[in-house]
Amino acid sequence: MKYTTALLTKFIMHIAVLWFVLSVSFGLSFRDVLSISLIITIIMFSMDVFVLPKVESTVALIMDAAFTFIGICLLGESVTLIEIAAFISTVFITTGELFFHRYLRFVYRYQYRF
């Protein structure tokens with residue numbers, strides 16, 4: 001229950017970005033967008049909870065960007081130009097993750113190693 005707000009915030013961010021990029025721009029169904037968002041959110045949130053306090057924010061952002069790109073490429077295989085869609089989604093999600101990590105650091109008092 002401690003992380004419910006943070007998890008929902010991250011999930012809504014992923015749905016919004018992936019719906020706009022994958023569904024509106026590239027024609028992927030909303031059901032597929034919802035599935036991709038759910039899988040990526042759960043895995044990335046667990047990385048944020050367990051890895052983020054142990055590493056610097058920049059390292060966590062690079063890990064998030066790499067996982068987002070690879071995850072979308074693997075899970076969104078029905079999109080014709082999946083690499084372009086994954087790259088655009090990754091840029092927007094990583095930008096959101098920057099603010100999300102700041103939120104986690106402020107609310108949950110995460111201290112990064114330097």
# chains A, B, ... in the order shown; residues from 1 in each chain; ligands from 1

call {"tool": "residues_around", "arguments": {"residues": "Phe11 in chain A", "least_positions_apart": "4", "cutoff": "9 Å", "atoms": "only C-alpha atoms", "output": "ChimeraX atom specification"}}
result
/A:6-7,15-16,37-38,40-42

call {"tool": "residues_around", "arguments": {"residues": "range 57-72 of chain A", "least_positions_apart": "6", "cutoff": "12 Å", "atoms": "only C-alpha atoms", "output": "NGL selection string"}}
result
:A and (14 or 17-18 or 21-22 or 28 or 32-51 or 78-79 or 81-105 or 110-114)

call {"tool": "atom_distance", "arguments": {"atom1": "CA of Lys54 in chain A", "atom2": "CA of Val107 in chain A"}}
result
16.6 Å

call {"tool": "select_by_dssp", "arguments": {"residues": "range 40-81 of chain A", "states": "alpha helix (DSSP H)", "output": "ChimeraX atom specification"}}
result
/A:40-50,57-75

call {"tool": "write_last_selection", "arguments": {"atoms": "C-alpha atoms", "output": "PDB file, in the first residue's frame"}}
result
ATOM      1  CA  ILE A  40       6.318  -2.546 -18.598  1.00  0.00           C
ATOM      2  CA  THR A  41       4.919  -0.694 -15.574  1.00  0.00           C
ATOM      3  CA  ILE A  42       5.202  -3.672 -13.235  1.00  0.00           C
ATOM      4  CA  ILE A  43       8.757  -4.526 -14.261  1.00  0.00           C
ATOM      5  CA  MET A  44       9.980  -0.935 -14.336  1.00  0.00           C
ATOM      6  CA  PHE A  45       8.320  -0.096 -11.021  1.00  0.00           C
ATOM      7  CA  SER A  46      10.015  -3.022  -9.331  1.00  0.00           C
ATOM      8  CA  MET A  47      13.298  -1.780 -10.779  1.00  0.00           C
ATOM      9  CA  ASP A  48      12.542   1.692  -9.388  1.00  0.00           C
ATOM     10  CA  VAL A  49      11.779   0.344  -5.919  1.00  0.00           C
ATOM     11  CA  PHE A  50      14.745  -2.024  -5.651  1.00  0.00           C
ATOM     12  CA  SER A  57      19.306   8.631 -11.108  1.00  0.00           C
ATOM     13  CA  THR A  58      21.078   8.825 -14.473  1.00  0.00           C
ATOM     14  CA  VAL A  59      21.889   5.116 -14.386  1.00  0.00           C
ATOM     15  CA  ALA A  60      18.281   4.322 -13.490  1.00  0.00           C
ATOM     16  CA  LEU A  61      17.040   6.480 -16.397  1.00  0.00           C
ATOM     17  CA  ILE A  62      19.347   4.685 -18.846  1.00  0.00           C
ATOM     18  CA  MET A  63      18.108   1.320 -17.557  1.00  0.00           C
ATOM     19  CA  ASP A  64      14.479   2.483 -17.857  1.00  0.00           C
ATOM     20  CA  ALA A  65      15.035   3.749 -21.406  1.00  0.00           C
ATOM     21  CA  ALA A  66      16.735   0.538 -22.512  1.00  0.00           C
ATOM     22  CA  PHE A  67      14.045  -1.646 -20.982  1.00  0.00           C
ATOM     23  CA  THR A  68      11.244   0.483 -22.436  1.00  0.00           C
ATOM     24  CA  PHE A  69      12.696   0.307 -25.950  1.00  0.00           C
ATOM     25  CA  ILE A  70      13.369  -3.432 -25.814  1.00  0.00           C
ATOM     26  CA  GLY A  71      10.034  -4.176 -24.129  1.00  0.00           C
ATOM     27  CA  ILE A  72       8.011  -2.256 -26.698  1.00  0.00           C
ATOM     28  CA  CYS A  73       9.933  -3.849 -29.575  1.00  0.00           C
ATOM     29  CA  LEU A  74       9.272  -7.343 -28.207  1.00  0.00           C
ATOM     30  CA  LEU A  75       5.676  -6.845 -27.067  1.00  0.00           C
TER      31      LEU A  75
END

call {"tool": "decode", "arguments": {"residues": "range 15-92 of chain A", "atoms": "C-alpha atoms", "output": "PDB file, in the first residue's frame"}}
result
ATOM      1  CA  ILE A  15      -0.915   4.216 -20.842  1.00  0.00           C
ATOM      2  CA  ALA A  16      -1.136   7.848 -21.970  1.00  0.00           C
ATOM      3  CA  VAL A  17       2.162   7.830 -23.860  1.00  0.00           C
ATOM      4  CA  LEU A  18       1.762   4.384 -25.389  1.00  0.00           C
ATOM      5  CA  TRP A  19      -1.864   5.009 -26.352  1.00  0.00           C
ATOM      6  CA  PHE A  20      -0.924   8.197 -28.159  1.00  0.00           C
ATOM      7  CA  VAL A  21       2.146   6.801 -29.902  1.00  0.00           C
ATOM      8  CA  LEU A  22       1.194   3.181 -30.557  1.00  0.00           C
ATOM      9  CA  SER A  23      -2.572   3.386 -30.901  1.00  0.00           C
ATOM     10  CA  VAL A  24      -3.261   6.802 -32.400  1.00  0.00           C
ATOM     11  CA  SER A  25      -0.123   7.107 -34.523  1.00  0.00           C
ATOM     12  CA  PHE A  26       0.609   3.478 -35.429  1.00  0.00           C
ATOM     13  CA  GLY A  27      -2.793   1.760 -35.157  1.00  0.00           C
ATOM     14  CA  LEU A  28      -2.178  -0.741 -32.358  1.00  0.00           C
ATOM     15  CA  SER A  29      -5.338  -1.818 -30.494  1.00  0.00           C
ATOM     16  CA  PHE A  30      -6.024  -0.359 -27.053  1.00  0.00           C
ATOM     17  CA  ARG A  31      -6.060  -3.862 -25.554  1.00  0.00           C
ATOM     18  CA  ASP A  32      -2.477  -4.396 -26.749  1.00  0.00           C
ATOM     19  CA  VAL A  33      -1.467  -0.957 -25.454  1.00  0.00           C
ATOM     20  CA  LEU A  34      -3.000  -1.810 -22.080  1.00  0.00           C
ATOM     21  CA  SER A  35      -1.122  -5.134 -21.953  1.00  0.00           C
ATOM     22  CA  ILE A  36       2.203  -3.552 -22.897  1.00  0.00           C
ATOM     23  CA  SER A  37       1.672  -0.754 -20.370  1.00  0.00           C
ATOM     24  CA  LEU A  38       0.854  -3.171 -17.579  1.00  0.00           C
ATOM     25  CA  ILE A  39       3.868  -5.418 -18.195  1.00  0.00           C
ATOM     26  CA  ILE A  40       6.318  -2.546 -18.598  1.00  0.00           C
ATOM     27  CA  THR A  41       4.919  -0.694 -15.574  1.00  0.00           C
ATOM     28  CA  ILE A  42       5.202  -3.672 -13.235  1.00  0.00           C
ATOM     29  CA  ILE A  43       8.757  -4.526 -14.261  1.00  0.00           C
ATOM     30  CA  MET A  44       9.980  -0.935 -14.336  1.00  0.00           C
ATOM     31  CA  PHE A  45       8.320  -0.096 -11.021  1.00  0.00           C
ATOM     32  CA  SER A  46      10.015  -3.022  -9.331  1.00  0.00           C
ATOM     33  CA  MET A  47      13.298  -1.780 -10.779  1.00  0.00           C
ATOM     34  CA  ASP A  48      12.542   1.692  -9.388  1.00  0.00           C
ATOM     35  CA  VAL A  49      11.779   0.344  -5.919  1.00  0.00           C
ATOM     36  CA  PHE A  50      14.745  -2.024  -5.651  1.00  0.00           C
ATOM     37  CA  VAL A  51      17.426  -0.552  -7.939  1.00  0.00           C
ATOM     38  CA  LEU A  52      16.808   3.203  -7.817  1.00  0.00           C
ATOM     39  CA  PRO A  53      17.845   3.649  -4.166  1.00  0.00           C
ATOM     40  CA  LYS A  54      21.145   1.894  -4.890  1.00  0.00           C
ATOM     41  CA  VAL A  55      22.235   3.720  -8.042  1.00  0.00           C
ATOM     42  CA  GLU A  56      22.398   7.234  -9.385  1.00  0.00           C
ATOM     43  CA  SER A  57      19.306   8.631 -11.108  1.00  0.00           C
ATOM     44  CA  THR A  58      21.078   8.825 -14.473  1.00  0.00           C
ATOM     45  CA  VAL A  59      21.889   5.116 -14.386  1.00  0.00           C
ATOM     46  CA  ALA A  60      18.281   4.322 -13.490  1.00  0.00           C
ATOM     47  CA  LEU A  61      17.040   6.480 -16.397  1.00  0.00           C
ATOM     48  CA  ILE A  62      19.347   4.685 -18.846  1.00  0.00           C
ATOM     49  CA  MET A  63      18.108   1.320 -17.557  1.00  0.00           C
ATOM     50  CA  ASP A  64      14.479   2.483 -17.857  1.00  0.00           C
ATOM     51  CA  ALA A  65      15.035   3.749 -21.406  1.00  0.00           C
ATOM     52  CA  ALA A  66      16.735   0.538 -22.512  1.00  0.00           C
ATOM     53  CA  PHE A  67      14.045  -1.646 -20.982  1.00  0.00           C
ATOM     54  CA  THR A  68      11.244   0.483 -22.436  1.00  0.00           C
ATOM     55  CA  PHE A  69      12.696   0.307 -25.950  1.00  0.00           C
ATOM     56  CA  ILE A  70      13.369  -3.432 -25.814  1.00  0.00           C
ATOM     57  CA  GLY A  71      10.034  -4.176 -24.129  1.00  0.00           C
ATOM     58  CA  ILE A  72       8.011  -2.256 -26.698  1.00  0.00           C
ATOM     59  CA  CYS A  73       9.933  -3.849 -29.575  1.00  0.00           C
ATOM     60  CA  LEU A  74       9.272  -7.343 -28.207  1.00  0.00           C
ATOM     61  CA  LEU A  75       5.676  -6.845 -27.067  1.00  0.00           C
ATOM     62  CA  GLY A  76       4.459  -4.614 -29.894  1.00  0.00           C
ATOM     63  CA  GLU A  77       5.500  -6.842 -32.757  1.00  0.00           C
ATOM     64  CA  SER A  78       2.282  -6.281 -34.739  1.00  0.00           C
ATOM     65  CA  VAL A  79       3.209  -2.651 -35.493  1.00  0.00           C
ATOM     66  CA  THR A  80       4.880  -2.205 -38.885  1.00  0.00           C
ATOM     67  CA  LEU A  81       7.474   0.394 -37.868  1.00  0.00           C
ATOM     68  CA  ILE A  82       7.936  -0.842 -34.302  1.00  0.00           C
ATOM     69  CA  GLU A  83      11.467   0.528 -33.890  1.00  0.00           C
ATOM     70  CA  ILE A  84      10.332   4.072 -34.696  1.00  0.00           C
ATOM     71  CA  ALA A  85       7.285   3.730 -32.437  1.00  0.00           C
ATOM     72  CA  ALA A  86       9.452   2.300 -29.642  1.00  0.00           C
ATOM     73  CA  PHE A  87      11.990   5.107 -29.978  1.00  0.00           C
ATOM     74  CA  ILE A  88       9.323   7.831 -29.841  1.00  0.00           C
ATOM     75  CA  SER A  89       7.648   6.139 -26.860  1.00  0.00           C
ATOM     76  CA  THR A  90      10.997   5.733 -25.115  1.00  0.00           C
ATOM     77  CA  VAL A  91      11.807   9.428 -25.454  1.00  0.00           C
ATOM     78  CA  PHE A  92       8.490  10.472 -23.904  1.00  0.00           C
TER      79      PHE A  92
END
